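Everything below concerns the one structure shown next.
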Amino acid sequence: MKAVFPIHAGAFLAAIIAGFVSTCLLADEPSASIGLAATFHLAGRTATVTKLDTLPLVENNFTKRFKFDSYDNPKLKQLREQYKLDEIVSPGKNEFDRQVLLLDWVNHQFKKFGRPTANPRGAAEILRDIGQGHTFFCAQYADVFVSAAASFGWIDRSLALRRPNNIGAGSSEHSSTEIWSNQFRKWVMLDPTFAMYAEKNGLPLSAYELRQEWFYHDAKDVTFVVDKDRKRYRKSNMPIFRARYAGFGDLSLDPGAVNPYAFIGYVPNTNLMDAGPDYGKMFIFQDKLCNGTEWHKRDIPPDLSSDAYFPIGQAAMTLSADGDHLRAGLKTMTPNFKTFLVRSDAGDWKPSGDRFAWSVHPGKNRLEAKTVNRFGIEGPVSIAEVKIDADAAVTTP
């Protein structure tokens, strides 16, 4: 059990103003968390936690490297308005639909493919230079998509990729992205160069998941989904023609486009219109597939599942019993955090602080919590259910 301590109010406000906050459970006195299936006594009645579905808060050396674009950045607002991005995504029925529509839009902005003929920084300058007839590579596709997503309050991060020398042919390096999906509660690979993502059993895959399926399972259960109309292909359908570019030739989704996912470099910043990709703090996943190939020397995450695939936008929920009362605590890693929203027993959603007393009653009690950021993007819903026996009086706040 881990003690928890108050945060100074001034420091908490400063974190909100900075556009990023990771909140902790606040309590007058430390108390032990109650986990799933725990049975405890509450004002003379027996209480049992029957459901606790919540994403954790992960804080480590790698999460601390990330710098996210700010709601207050006027370049984001200008990008969203100038290119009418709200109209682009409006046909989407859910968050992932809208993210795929944005991916498709970014892909189709590029008219010439090949070695860059200009050196812009960030989405606005790249799009300007496209209009002036310049040529760009995959890295610029990724830059535009990261900032376009950020203009909506979505977190999309750049990936730098490298093909091992002894695997296949074609391009040795590639740039792609991963977006945090509140809908699927996970990171999802979205490759803007091909307007493509991959799925297995209907669930979109992260870059790492695609890597493992591609190299270790021959992608036998993987479907490649392309463009906003979601055309679906298997590995056996490759090469999948994407476009023909003067001076370059045909751009196709083929094994050579997926082999670079062997090395995955995670770029830890999304403020690309102001700073450019921070390759210096990038960290890289690699394994035996990469032996014998020299590439950038960076930290290798010891536990990729948490070090690179940490949740975002969660309302990590803890419960504790305090005499006659049941208390809930919330914590989050939400860039541009605005507030928590909570509701009890399917009531109305209401803004909440990060600790509060949960008024319970005999029978089944249900508590839901989520975050909302300053863009209005809501995070995944956390759920707790507690059953209170009806054989003694219950005192509630």
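Scheme for the structure tokens: letters A, B, ... for chains in order shown; per-chain residue numbers from 1; ligand numbers from 1 in order shown.
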
Inset, instruction - Please identify all polymer residues within 12 Å of Phe184 in chain A, counting only C-alpha atoms, omitting same-chain residues fewer than 4 positions from it, and present them as a PyMOL selection string. - result: chain A and resi 55+94-97+179-180+188+199+202-206+311-312+379-381

Within 6 Å of Asn107 in chain A using only C-alpha atoms, minus same-chain residues under 3 positions, as a CSV table (one decimal) with N, CA and C atoms, in the first residue's frame:
```csv
chain,number,residue,atom,x,y,z
A,104,ASP,N,-6.8,10.9,-44.1
A,104,ASP,CA,-7.1,10.8,-45.6
A,104,ASP,C,-6.8,12.2,-46.2
A,192,PRO,N,0.3,8.4,-42.5
A,192,PRO,CA,-0.2,9.3,-43.4
A,192,PRO,C,0.3,9.2,-44.8
A,193,THR,N,1.5,8.7,-45.0
A,193,THR,CA,2.0,8.5,-46.4
A,193,THR,C,1.2,7.6,-47.2
A,195,ALA,N,-2.1,6.7,-46.1
A,195,ALA,CA,-3.5,6.9,-45.6
A,195,ALA,C,-3.9,5.5,-45.1
```

Legend entry - Backbone DSSP call of strand (DSSP E or B) for range 35-225 of chain A, listed as a VMD selection string: chain A and resid 39 to 42 45 to 53 67 113 136 156 to 162 173 to 181 186 to 191 196 to 200 203 to 204 222 to 225

Inset, instruction - Return the single residue from A:Asp72, A:Asp274, A:Asp191, A:Glu209 that is closest to Gly122 in chain A, with distances computed using only C-alpha atoms. - result: A:Asp274

Considering only C-alpha atoms, give me a table of residues in range 169-278 of chain A that are at most 12 Å from range 321-337 of chain A, with the closest atom pair and distance in Å for each, as CSV.
```
residue,atom,partner,partner_atom,distance
A:Trp180,CA,A:Thr334,CA,11.2
A:Asn182,CA,A:Thr334,CA,11.5
A:Asn269,CA,A:Pro335,CA,11.6
A:Thr270,CA,A:Pro335,CA,10.8
A:Asn271,CA,A:Pro335,CA,11.9
```

Legend entry - Straight-line distance linking CA of Asp129 in chain A with CA of Leu190 in chain A, stated in Å to one decimal: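 Rounded to one decimal, the two atoms are 23.3 Å apart.
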
Legend entry - From A:Leu210, A:Cys138, A:Val267, A:Ile300, residue lying nearest Leu251 in chain A [only C-alpha atoms]: A:Cys138

Inset, instruction - Please run DSSP on the backbone and report, as a count of residues only, all residues within range 273-331 of chain A that come out as alpha helix (DSSP H). - result: 7

Legend entry - Option closest in space to Lys288 in chain A, from A:Asp389, A:Ser382, A:Lys228, A:Phe215 [counting only C-alpha atoms]: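 Closest residue, counting only C-alpha atoms: A:Phe215.
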
Legend entry - Which of A:Ile264, A:Leu127, A:Val100, A:Val222 sits closest to Ser158 in chain A [using only C-alpha atoms]: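 Of A:Ile264, A:Leu127, A:Val100, A:Val222, the one nearest Ser158 in chain A is A:Ile264, counting only C-alpha atoms.
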
Inset, instruction - Find the spatial neighbours of Asp254 in chain A, counting only C-alpha atoms, within a cut-off of 8 Å - ignore same-chain residues fewer than 2 positions away - and output them as a ChimeraX atom specification. - result: /A:238-240,252,256-258

Export of the given selection (C-alpha atoms) as a JSON list (two decimals), in the first residue's frame:
```json
[["chain", "number", "residue", "atom", "x", "y", "z"],
["A", 238, "MET", "CA", 0.42, -6.38, -52.00],
["A", 239, "PRO", "CA", 1.64, -4.31, -53.74],
["A", 240, "ILE", "CA", -1.29, -1.95, -53.27],
["A", 252, "SER", "CA", 2.74, 1.45, -53.41],
["A", 256, "GLY", "CA", 9.08, -2.62, -48.35],
["A", 257, "ALA", "CA", 6.76, -0.07, -46.75],
["A", 258, "VAL", "CA", 6.18, -2.22, -43.65]]
```

Legend entry - Contact residues around Tyr233 in chain A with only C-alpha atoms at 12 Å, ignoring same-chain residues under 2 positions, as a list of chain:residue names: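 In the requested format, the answer is A:Met196, A:Tyr197, A:Ala198, A:Glu199, A:Lys200, A:Ala219, A:Lys220, A:Asp221, A:Val222, A:Thr223, A:Phe224, A:Val225, A:Val226, A:Asp227, A:Arg230, A:Lys231, A:Lys235, A:Ser236, A:Asn237, A:Met238, A:Pro239, A:Ile240, A:Phe241, A:Leu253, A:Asp254.
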
Legend entry - Residue neighbourhood Gly265 in chain A, 6 Å, only C-alpha atoms, exclusion window fewer than 4 positions, as a list in words: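 Everything that qualifies: Leu159, Ala160, Phe283 and Ile284 of chain A.
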
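Using only C-alpha atoms, the nearest neighbour of Thr63 in chain A within the list A:Glu368, A:Glu385, A:Asp307, A:Glu294 is A:Asp307.
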